[in-house]
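Pasted below: work_8.csv, CSV, C-alpha atoms.
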chain,number,residue,atom,x,y,z
A,1,MET,CA,12.3,-3.3,-22.7
A,2,ASN,CA,12.9,-5.7,-19.7
A,3,LEU,CA,9.5,-7.2,-19.1
A,4,ARG,CA,10.3,-8.5,-15.6
A,5,LEU,CA,11.7,-5.1,-14.6
A,6,GLU,CA,8.5,-3.4,-15.8
A,7,LEU,CA,6.3,-5.9,-14.0
A,8,THR,CA,8.3,-5.4,-10.8
A,9,LYS,CA,7.7,-1.6,-11.1
A,10,LEU,CA,4.0,-2.2,-11.7
A,11,LEU,CA,3.8,-4.5,-8.8
A,12,ASN,CA,5.2,-1.8,-6.5
A,13,LEU,CA,2.4,0.5,-7.7
A,14,CYS,CA,-0.2,-2.3,-7.2
A,15,PHE,CA,1.0,-2.8,-3.6
A,16,VAL,CA,0.4,0.9,-2.8
A,17,PHE,CA,-3.3,0.6,-3.8
A,18,ALA,CA,-3.7,-3.0,-2.6
A,19,SER,CA,-2.4,-2.4,0.9
A,20,ALA,CA,-4.4,0.8,1.4
A,21,TYR,CA,-7.6,-0.9,0.2
A,22,MET,CA,-7.1,-4.2,2.2
A,23,PHE,CA,-6.4,-2.1,5.3
A,24,TRP,CA,-9.7,-0.4,4.8
A,25,GLU,CA,-11.5,-3.8,4.1
A,26,GLY,CA,-9.9,-5.4,7.2
A,27,LEU,CA,-11.0,-2.4,9.3
A,28,SER,CA,-14.5,-2.8,7.9
A,29,LEU,CA,-14.7,-6.4,8.9
A,30,VAL,CA,-13.3,-5.8,12.4
A,31,ALA,CA,-15.7,-2.9,13.0
A,32,ASN,CA,-18.6,-4.7,11.2
A,33,THR,CA,-19.4,-1.7,9.0
A,34,HIS,CA,-19.0,-0.9,5.3
A,35,SER,CA,-17.5,2.5,6.3
A,36,PRO,CA,-15.4,2.4,9.5
A,37,ILE,CA,-14.1,6.0,9.0
A,38,VAL,CA,-16.4,8.9,7.9
A,39,VAL,CA,-15.9,12.7,7.6
A,40,VAL,CA,-18.4,15.1,9.2
A,41,LEU,CA,-19.9,17.1,6.3
A,42,SER,CA,-22.2,19.5,8.0
A,43,GLY,CA,-22.4,21.6,11.2
A,44,SER,CA,-25.5,19.9,12.5
A,45,MET,CA,-23.6,18.3,15.4
A,46,GLU,CA,-21.7,21.4,16.6
A,47,PRO,CA,-20.3,22.0,19.1
A,48,ALA,CA,-19.6,18.3,19.6
A,49,PHE,CA,-18.2,17.8,16.0
A,50,GLN,CA,-17.2,20.3,13.4
A,51,ARG,CA,-17.2,20.1,9.7
A,52,GLY,CA,-14.1,18.1,8.6
A,53,ASP,CA,-13.7,16.0,11.8
A,54,ILE,CA,-12.9,12.4,11.1
A,55,LEU,CA,-15.0,9.9,13.0
A,56,PHE,CA,-14.1,6.2,13.8
A,57,LEU,CA,-17.1,3.9,13.9
A,58,TRP,CA,-17.9,0.6,15.6
A,59,ASN,CA,-20.9,-1.5,14.7
A,60,ARG,CA,-20.7,-4.6,16.9
A,61,ASN,CA,-22.9,-3.3,19.7
A,62,GLU,CA,-26.3,-5.0,19.8
A,63,GLN,CA,-28.1,-1.9,20.8
A,64,SER,CA,-27.5,1.9,20.7
A,65,LYS,CA,-28.2,3.9,23.9
A,66,VAL,CA,-29.9,7.3,24.1
A,67,GLY,CA,-27.1,9.8,23.9
A,68,ASP,CA,-24.9,7.8,21.5
A,69,VAL,CA,-23.7,9.5,18.4
A,70,VAL,CA,-24.5,7.3,15.4
A,71,VAL,CA,-24.0,7.5,11.7
A,72,TYR,CA,-26.9,6.4,9.5
A,73,GLU,CA,-27.6,6.4,5.8
A,74,VAL,CA,-31.0,7.1,4.3
A,75,ALA,CA,-32.2,4.7,1.6
A,76,GLY,CA,-31.5,6.2,-1.9
A,77,LYS,CA,-28.9,8.7,-0.6
A,78,ASN,CA,-25.3,7.8,-0.1
A,79,ILE,CA,-24.6,10.6,2.3
A,80,PRO,CA,-23.8,9.5,5.9
A,81,ILE,CA,-25.5,11.6,8.5
A,82,VAL,CA,-24.0,11.9,12.0
A,83,HIS,CA,-26.6,12.6,14.7
A,84,ARG,CA,-27.3,11.7,18.3
A,85,VAL,CA,-29.8,9.1,19.5
A,86,LEU,CA,-32.8,10.9,21.1
A,87,ARG,CA,-35.1,8.0,21.7
A,88,GLU,CA,-35.0,4.2,21.4
A,89,HIS,CA,-37.4,1.3,21.5
A,90,HIS,CA,-36.3,-2.3,21.6
A,91,SER,CA,-38.0,-5.7,21.8
A,92,ILE,CA,-37.6,-7.5,25.2
A,93,ALA,CA,-37.9,-10.9,23.5
A,94,ASP,CA,-35.3,-10.1,20.8
A,95,PRO,CA,-32.9,-7.3,21.9
A,96,SER,CA,-31.4,-7.0,18.5
A,97,LYS,CA,-34.7,-5.5,17.2
A,98,GLN,CA,-34.3,-1.8,18.0
A,99,VAL,CA,-35.6,1.4,16.4
A,100,LEU,CA,-34.0,4.8,17.0
A,101,LEU,CA,-35.0,8.4,16.7
A,102,THR,CA,-32.1,10.8,16.1
A,103,LYS,CA,-31.4,14.5,16.1
A,104,GLY,CA,-28.5,16.8,15.4
A,105,ASP,CA,-27.3,18.7,18.5
A,106,ASN,CA,-27.3,21.9,16.5
A,107,ASN,CA,-30.7,21.3,14.8
A,108,ALA,CA,-34.0,22.6,16.2
A,109,GLY,CA,-36.0,19.5,15.4
A,110,ASN,CA,-35.6,15.7,15.2
A,111,ASP,CA,-34.6,13.8,12.0
A,112,ILE,CA,-38.1,12.5,11.0
A,113,PRO,CA,-38.2,14.8,7.9
A,114,LEU,CA,-34.9,13.3,6.8
A,115,TYR,CA,-35.9,9.6,7.0
A,116,ALA,CA,-36.8,7.9,3.8
A,117,ASN,CA,-40.4,6.7,2.9
A,118,ARG,CA,-42.0,8.7,5.7
A,119,LYS,CA,-40.5,6.5,8.4
A,120,LEU,CA,-40.7,7.7,12.0
A,121,TYR,CA,-37.8,5.7,13.2
A,122,LEU,CA,-34.5,4.2,12.0
A,123,ASN,CA,-33.9,0.4,12.2
A,124,LYS,CA,-30.7,-0.2,14.1
A,125,GLN,CA,-29.8,-3.3,12.1
A,126,LYS,CA,-30.5,-1.9,8.6
A,127,ASP,CA,-30.0,1.8,8.7
A,128,ILE,CA,-27.1,2.4,11.2
A,129,VAL,CA,-23.6,2.4,9.7
A,130,GLY,CA,-22.0,2.6,13.2
A,131,THR,CA,-21.6,4.3,16.5
A,132,VAL,CA,-18.9,6.9,16.9
A,133,LYS,CA,-16.1,5.7,19.2
A,134,GLY,CA,-13.4,8.2,18.5
A,135,TYR,CA,-12.6,11.2,16.4
A,136,PHE,CA,-9.7,13.3,14.9
A,137,PRO,CA,-10.4,17.0,14.6
A,138,GLN,CA,-10.3,18.7,11.1
A,139,LEU,CA,-8.2,16.0,9.4
A,140,GLY,CA,-10.9,15.3,6.9
A,141,TYR,CA,-11.3,18.8,5.8
A,142,ILE,CA,-9.2,18.2,2.8
A,143,THR,CA,-11.8,15.8,1.4
A,144,ILE,CA,-14.5,18.4,1.8
A,145,TRP,CA,-12.2,21.0,0.2
A,146,VAL,CA,-11.4,18.7,-2.8
A,147,SER,CA,-15.0,17.6,-3.3
A,148,GLU,CA,-16.5,21.1,-3.1
A,149,ASN,CA,-13.8,23.1,-5.1
A,150,LYS,CA,-12.9,22.1,-8.6
A,151,TYR,CA,-9.7,24.1,-8.5
A,152,ALA,CA,-8.6,22.3,-5.3
A,153,LYS,CA,-8.8,19.0,-7.2
A,154,PHE,CA,-6.3,20.3,-9.8
A,155,ALA,CA,-4.1,21.9,-7.1
A,156,LEU,CA,-4.0,18.5,-5.3
A,157,LEU,CA,-3.2,16.6,-8.5
A,158,GLY,CA,-0.5,19.2,-9.3
A,159,PHE,CA,1.0,18.9,-5.9
A,160,LEU,CA,1.1,15.1,-6.1
A,161,ALA,CA,2.7,15.2,-9.6
A,162,LEU,CA,5.3,17.7,-8.4
A,163,SER,CA,6.1,15.7,-5.3
A,164,SER,CA,6.6,12.6,-7.4
A,165,LEU,CA,8.9,14.5,-9.7
A,166,VAL,CA,11.1,15.9,-7.0
A,167,GLY,CA,10.6,13.2,-4.4
A,168,GLY,CA,13.5,11.0,-5.6
A,169,GLU,CA,15.7,12.9,-3.2
B,1,MET,CA,22.8,5.8,-24.5
B,2,SER,CA,20.6,5.5,-21.4
B,3,SER,CA,19.3,8.5,-19.6
B,4,PRO,CA,21.4,10.2,-16.9
B,5,VAL,CA,20.5,9.7,-13.2
B,6,ASN,CA,20.7,12.1,-10.3
B,7,VAL,CA,24.1,11.2,-8.8
B,8,TYR,CA,23.1,12.8,-5.5
B,9,SER,CA,20.4,10.1,-5.0
B,10,ILE,CA,21.9,6.8,-3.9
B,11,SER,CA,18.6,5.0,-4.6
B,12,GLU,CA,18.5,6.2,-8.2
B,13,VAL,CA,22.2,5.3,-8.7
B,14,SER,CA,21.7,1.9,-7.1
B,15,GLN,CA,18.7,1.2,-9.3
B,16,ARG,CA,20.7,2.1,-12.4
B,17,LEU,CA,23.6,-0.2,-11.4
B,18,ASP,CA,21.1,-3.0,-10.5
B,19,GLU,CA,19.7,-2.7,-14.0
B,20,GLU,CA,23.2,-2.9,-15.5
B,21,ILE,CA,24.4,-6.0,-13.6
B,22,PRO,CA,22.6,-8.6,-15.8
B,23,VAL,CA,24.2,-6.9,-18.9
B,24,VAL,CA,27.6,-7.1,-17.3
B,25,PHE,CA,27.3,-10.7,-16.3
B,26,GLY,CA,25.9,-11.6,-19.7
B,27,ARG,CA,29.1,-10.2,-21.2
B,28,LEU,CA,31.1,-12.2,-18.8
B,29,GLY,CA,29.5,-15.5,-20.0
B,30,TYR,CA,26.7,-16.0,-17.5
B,31,LYS,CA,23.2,-17.0,-18.3
B,32,GLN,CA,20.7,-15.5,-16.0
B,33,SER,CA,18.3,-17.6,-14.0
B,34,PHE,CA,14.9,-15.9,-13.4
B,35,LYS,CA,13.6,-18.4,-10.8
B,36,LEU,CA,13.7,-16.0,-7.8
B,37,ILE,CA,12.2,-13.0,-9.6
B,38,ASP,CA,9.5,-15.1,-11.2
B,39,LEU,CA,8.5,-16.5,-7.9
B,40,LYS,CA,8.5,-13.0,-6.4
B,41,LEU,CA,6.2,-11.8,-9.2
B,42,LEU,CA,3.9,-14.8,-8.8
B,43,ILE,CA,3.4,-14.2,-5.1
B,44,GLY,CA,3.2,-10.4,-5.6
B,45,TYR,CA,0.6,-10.5,-8.3
B,46,SER,CA,-1.4,-13.1,-6.3
B,47,ILE,CA,-1.6,-10.5,-3.6
B,48,ALA,CA,-2.7,-7.9,-6.1
B,49,ILE,CA,-5.4,-10.3,-7.6
B,50,VAL,CA,-6.8,-11.0,-4.1
B,51,ALA,CA,-7.1,-7.3,-3.4
B,52,ALA,CA,-8.7,-6.6,-6.8
B,53,ALA,CA,-11.2,-9.4,-6.3
B,54,SER,CA,-12.1,-8.0,-2.9
B,55,PHE,CA,-12.5,-4.5,-4.4
B,56,LEU,CA,-14.7,-5.8,-7.3
B,57,LEU,CA,-16.9,-8.0,-5.0
B,58,ASP,CA,-17.5,-5.0,-2.7
B,59,LYS,CA,-18.2,-2.7,-5.6
B,60,LYS,CA,-20.5,-4.9,-7.6
B,61,LEU,CA,-22.5,-6.8,-4.9
B,62,GLY,CA,-22.3,-4.4,-1.8
B,63,HIS,CA,-20.3,-4.9,1.4
B,64,ASN,CA,-23.1,-6.5,3.4
B,65,ASN,CA,-23.8,-9.2,0.8
B,66,VAL,CA,-20.2,-10.5,0.6
B,67,ILE,CA,-18.9,-10.4,4.2
B,68,GLY,CA,-18.2,-14.2,4.1
B,69,TYR,CA,-16.1,-13.9,1.0
B,70,GLN,CA,-14.4,-10.8,2.2
B,71,LYS,CA,-13.3,-12.6,5.4
B,72,LEU,CA,-11.8,-15.3,3.2
B,73,LEU,CA,-10.1,-12.8,0.9
B,74,VAL,CA,-8.6,-10.7,3.8
B,75,GLY,CA,-7.3,-13.9,5.3
B,76,CYS,CA,-5.7,-14.9,2.0
B,77,TYR,CA,-4.2,-11.4,1.7
B,78,ALA,CA,-2.7,-11.6,5.2
B,79,VAL,CA,-1.2,-15.1,4.5
B,80,LEU,CA,0.2,-14.2,1.1
B,81,SER,CA,1.6,-10.9,2.5
B,82,LEU,CA,3.4,-13.0,5.2
B,83,ILE,CA,4.8,-15.4,2.6
B,84,PHE,CA,6.0,-12.4,0.5
B,85,TRP,CA,7.7,-10.8,3.5
B,86,TYR,CA,9.3,-14.2,4.4
B,87,PHE,CA,10.5,-14.6,0.8
B,88,LYS,CA,12.0,-11.1,0.6
B,89,LYS,CA,13.6,-11.3,4.0
B,90,PHE,CA,15.0,-14.9,4.1
B,91,VAL,CA,15.0,-16.3,0.5
B,92,GLU,CA,15.6,-13.4,-1.9
B,93,LYS,CA,17.8,-11.3,0.6
B,94,SER,CA,18.3,-8.4,-1.9
B,95,THR,CA,19.5,-10.8,-4.6
B,96,ILE,CA,19.3,-9.0,-7.9
B,97,TYR,CA,21.1,-11.5,-10.1
B,98,THR,CA,21.6,-15.3,-10.3
B,99,GLY,CA,23.4,-16.8,-13.2
B,100,THR,CA,25.2,-19.8,-14.4
B,101,ASN,CA,28.5,-19.7,-16.3
B,102,SER,CA,28.1,-21.4,-19.7
B,103,ASN,CA,31.7,-22.6,-19.7
B,104,ASP,CA,32.4,-24.0,-16.2
B,105,GLN,CA,28.7,-24.2,-15.0
B,106,SER,CA,29.6,-22.2,-11.9
B,107,VAL,CA,26.7,-20.3,-10.3
B,108,ILE,CA,27.0,-16.7,-9.2
B,109,ASN,CA,24.6,-14.9,-6.9
B,110,VAL,CA,24.7,-11.1,-6.7
B,111,ARG,CA,23.2,-9.1,-3.8
B,112,THR,CA,23.3,-5.4,-3.6
B,113,LEU,CA,22.6,-2.9,-0.9
B,114,PHE,CA,23.0,0.8,-0.2
B,115,LYS,CA,22.7,3.1,2.8
B,116,GLU,CA,21.0,6.5,2.6
B,117,ALA,CA,23.4,9.5,2.4
B,118,GLN,CA,26.4,7.2,1.7
B,119,PRO,CA,27.9,7.3,-1.9
B,120,LEU,CA,28.6,3.5,-1.8
B,121,TYR,CA,27.1,0.7,-3.7
B,122,LYS,CA,27.6,-2.5,-1.6
B,123,VAL,CA,27.9,-5.7,-3.6
B,124,VAL,CA,28.0,-9.2,-2.2
B,125,LEU,CA,29.1,-11.9,-4.6
B,126,LEU,CA,28.3,-15.5,-3.6
B,127,GLY,CA,29.7,-18.5,-5.4
B,128,ASP,CA,28.1,-21.9,-5.5
B,129,ASP,CA,30.8,-23.4,-3.3
B,130,GLY,CA,30.2,-20.9,-0.5
B,131,ALA,CA,32.8,-18.4,-1.6
B,132,ARG,CA,31.8,-14.9,-0.6
B,133,LEU,CA,33.1,-11.5,-1.4
B,134,GLU,CA,31.7,-8.3,0.0
B,135,VAL,CA,32.9,-5.1,-1.6
B,136,ASP,CA,31.9,-1.4,-1.8
B,137,LEU,CA,32.0,0.6,-5.0
B,138,GLN,CA,32.4,4.3,-4.8
B,139,ILE,CA,29.8,5.6,-7.2
B,140,ASN,CA,31.9,8.4,-8.5
B,141,LYS,CA,34.2,5.8,-10.0
B,142,VAL,CA,31.6,4.6,-12.5
B,143,PHE,CA,29.4,7.7,-13.0
B,144,ASN,CA,30.4,10.9,-14.6
B,145,GLU,CA,29.4,14.4,-13.4
B,146,ALA,CA,26.4,14.5,-15.8
B,147,GLY,CA,25.0,11.3,-14.3
B,148,TYR,CA,25.8,8.9,-17.1
B,149,LEU,CA,27.0,5.4,-16.1
B,150,GLN,CA,30.4,4.5,-17.6
B,151,THR,CA,29.5,1.0,-18.6
B,152,ASP,CA,33.0,-0.1,-19.5
B,153,LEU,CA,34.4,1.1,-16.1
B,154,PHE,CA,31.6,-0.8,-14.3
B,155,PHE,CA,32.2,-3.9,-16.4
B,156,ASN,CA,35.9,-3.9,-15.6
B,157,TRP,CA,35.2,-3.4,-11.9
B,158,CYS,CA,32.7,-6.3,-11.9
B,159,LYS,CA,35.2,-8.5,-13.8
B,160,ASN,CA,37.9,-7.7,-11.2
B,161,GLN,CA,35.6,-8.6,-8.4
B,162,LEU,CA,34.8,-11.9,-10.1
B,163,THR,CA,38.5,-12.7,-10.5
B,164,ILE,CA,39.0,-11.9,-6.8
B,165,LEU,CA,36.1,-14.3,-5.9
B,166,LYS,CA,37.6,-17.0,-8.0
B,167,GLU,CA,41.0,-16.5,-6.4
B,168,LYS,CA,39.4,-16.8,-3.0
B,169,LYS,CA,37.7,-20.0,-4.1
B,170,ASP,CA,41.0,-21.5,-5.4
B,171,ASN,CA,42.9,-20.7,-2.2

I'd like the structure from this file rewritten - as structure tokens, please.
Amino acid sequence: MNLRLELTKLLNLCFVFASAYMFWEGLSLVANTHSPIVVVLSGSMEPAFQRGDILFLWNRNEQSKVGDVVVYEVAGKNIPIVHRVLREHHSIADPSKQVLLTKGDNNAGNDIPLYANRKLYLNKQKDIVGTVKGYFPQLGYITIWVSENKYAKFALLGFLALSSLVGGE
Amino acid sequence: MSSPVNVYSISEVSQRLDEEIPVVFGRLGYKQSFKLIDLKLLIGYSIAIVAAASFLLDKKLGHNNVIGYQKLLVGCYAVLSLIFWYFKKFVEKSTIYTGTNSNDQSVINVRTLFKEAQPLYKVVLLGDDGARLEVDLQINKVFNEAGYLQTDLFFNWCKNQLTILKEKKDN
């Protein structure tokens, strides 16, 4: 076995993962959010956004405006929720202090029942992951399909294995 | 006997020939120098370690608690990637073998290239005195139909090219 040759092959594999991850990390730092790209998981924002749409987030704005579509996370749950700002209150003395009330366009009521610890508002600094600045329709549906269907996971793995076998040319 | 390659894939064929070059030059009395490949591995694995550190920090401590460190790591990653690109483009330049002849201490540098959909293995031999020989090998001359490399044919071809390079040097 040629150790250097094997190390070179392993390095190429490392580069695939490293470049993808560092691109994500770089994007996170630029957008100032831990999750600069999210997939819409529910139909609560229809007709604006459908399940499977990919959203691009930006979190460098000091305040959110009424009408902005924001993504927030509830403490204790790791599911990002994409809803619209219905009401906002901010401090005149310190504009960075802002609280928001949100609602899904397709929901009958506001999000107060969803907030953790019986909170009535979201804290812009702590709870908001980012404001939606762009989207790509339906591209994220594959992640929903894979996470909700155990056979889809195997089908995808099979497809990747097959493509690596016949992908040489 | 090594496994056969798909002779319709020039990348597979070139990879197989690249692997054979050190064996051939070893038989011709050359001792391989690993300086370039070791340097490439050092820079490459530094990049991988930086990415792994960034991933572990994010995973263990949470993104918002390590933003300062992440800025540093992303900066390091960018600088190292730039160095790696420069190294590949201007220092390594597709070099797959560097060796020194144990008899006359002459140094040989072998670079190889291929173009998609062309059955040619392009070899550039560089001597330590600036002598240069560029030559194309038709792959059907050294592989059989089943995809096995005919090592003796390839050895003789390389030996001939080395003789031509030496003749060029002498003239």

| Residues within 7 Å of A:Tyr121, all atoms listed in the file, excluding chain neighbours under 5 positions, as a ChimeraX atom specification | /A:99-101

| Interatomic distance (Å, one decimal) between atom CA of A:Glu62 and atom CA of A:Asn32 |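 So the answer is 11.5 Å.
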
| task | May I have the protein, DNA and RNA residues with an atom at most 10 Å from (-32.8, 12.3, 25.4), counting all atoms listed in the file in the file's coordinates, returned as number ranges by chain? | result | A: 65-68, 84-88, 101-103

Take the residues that were just selected and, keeping C-alpha atoms, output them as a PDB file, in the frame of the given file.
ATOM      1  CA  LYS A  65     -28.200   3.900  23.900  1.00  0.00           C
ATOM      2  CA  VAL A  66     -29.900   7.300  24.100  1.00  0.00           C
ATOM      3  CA  GLY A  67     -27.100   9.800  23.900  1.00  0.00           C
ATOM      4  CA  ASP A  68     -24.900   7.800  21.500  1.00  0.00           C
ATOM      5  CA  ARG A  84     -27.300  11.700  18.300  1.00  0.00           C
ATOM      6  CA  VAL A  85     -29.800   9.100  19.500  1.00  0.00           C
ATOM      7  CA  LEU A  86     -32.800  10.900  21.100  1.00  0.00           C
ATOM      8  CA  ARG A  87     -35.100   8.000  21.700  1.00  0.00           C
ATOM      9  CA  GLU A  88     -35.000   4.200  21.400  1.00  0.00           C
ATOM     10  CA  LEU A 101     -35.000   8.400  16.700  1.00  0.00           C
ATOM     11  CA  THR A 102     -32.100  10.800  16.100  1.00  0.00           C
ATOM     12  CA  LYS A 103     -31.400  14.500  16.100  1.00  0.00           C
TER      13      LYS A 103
END

| request: Give as a list of chain:residue names the set of residues within 12 Å of the point (16.5, -22.2, -12.2), where distances use the file's coordinates and all atoms listed in the file. | output: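 Residues satisfying the cut-off, written out: B:Lys31, B:Gln32, B:Ser33, B:Phe34, B:Lys35, B:Leu36, B:Ile37, B:Asp38, B:Leu39, B:Tyr97, B:Thr98, B:Gly99, B:Thr100, B:Val107.
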
| message | Taking 2 positions as the minimum chain separation for residues in the same chain, which residues sit within 10 Å of B:Ser106 when counting all atoms listed in the file? Answer as a ChimeraX atom specification. | response | /B:30,99-104,108,127-129

| request: Compute the set of chain B residues within 6 Å of chain A, using all atoms listed in the file, and express it as JSON, numbers by chain. | output: {"B": [9, 51, 63]}

| message | At a cut-off of 12 Å, using all atoms listed in the file, what residues contact B:Gln118? Leave out same-chain residues fewer than 4 positions from it and give the result as a PyMOL selection string. | response | chain B and resi 7-11+13-14+113-114+122+136-140

Dump as a PDB file, keeping the file's coordinate frame, selection limited to C-alpha atoms:
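After the write, again-v8.pdb holds the following:
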ATOM      1  CA  VAL B   7      24.100  11.200  -8.800  1.00  0.00           C
ATOM      2  CA  TYR B   8      23.100  12.800  -5.500  1.00  0.00           C
ATOM      3  CA  SER B   9      20.400  10.100  -5.000  1.00  0.00           C
ATOM      4  CA  ILE B  10      21.900   6.800  -3.900  1.00  0.00           C
ATOM      5  CA  SER B  11      18.600   5.000  -4.600  1.00  0.00           C
ATOM      6  CA  VAL B  13      22.200   5.300  -8.700  1.00  0.00           C
ATOM      7  CA  SER B  14      21.700   1.900  -7.100  1.00  0.00           C
ATOM      8  CA  LEU B 113      22.600  -2.900  -0.900  1.00  0.00           C
ATOM      9  CA  PHE B 114      23.000   0.800  -0.200  1.00  0.00           C
ATOM     10  CA  LYS B 122      27.600  -2.500  -1.600  1.00  0.00           C
ATOM     11  CA  ASP B 136      31.900  -1.400  -1.800  1.00  0.00           C
ATOM     12  CA  LEU B 137      32.000   0.600  -5.000  1.00  0.00           C
ATOM     13  CA  GLN B 138      32.400   4.300  -4.800  1.00  0.00           C
ATOM     14  CA  ILE B 139      29.800   5.600  -7.200  1.00  0.00           C
ATOM     15  CA  ASN B 140      31.900   8.400  -8.500  1.00  0.00           C
TER      16      ASN B 140
END

Give me the box for stretch 138-147 of chain B as lines of an AutoDock Vina configuration file, namely the centre and edge lengths in Å to one decimal of a box along x, y and z that holds every listed atom plus 5 Å on each side.
center_x = 29.6
center_y = 9.4
center_z = -10.3
size_x = 19.2
size_y = 20.2
size_z = 21.0

| task | Enter the distance from atom CA of B:Glu145 to atom CA of B:Leu125, in Å, rounded to one decimal. | result |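 Atom CA of B:Leu125 lies 27.7 Å from atom CA of B:Glu145.
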
| query | Near A:Glu46, within 7 Å and counting only C-alpha atoms, which residues show up once chain neighbours fewer than 3 positions away are dropped, as a list in words? | reply |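 The contact residues come out as Gly43, Phe49, Gln50, Asp105 and Asn106 of chain A.
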
| said: Just to confirm, what's the straight-line distance from atom CA of B:Val66 to atom CA of A:Gly134 in Å (one decimal)? | reply: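 Atom CA of B:Val66 sits 26.8 Å away from atom CA of A:Gly134.
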
| If you count all atoms listed in the file, which residues fall within 12 Å of A:Ile144, apart from same-chain ones fewer than 6 positions away, as a PyMOL selection string? | chain A and resi 38-42+51-54+138+150+152-153

| field | Using only C-alpha atoms: which of A:Pro113, A:Ser163, A:Thr131, A:Ala31 has the shortest distance to A:Val74 | value | A:Pro113
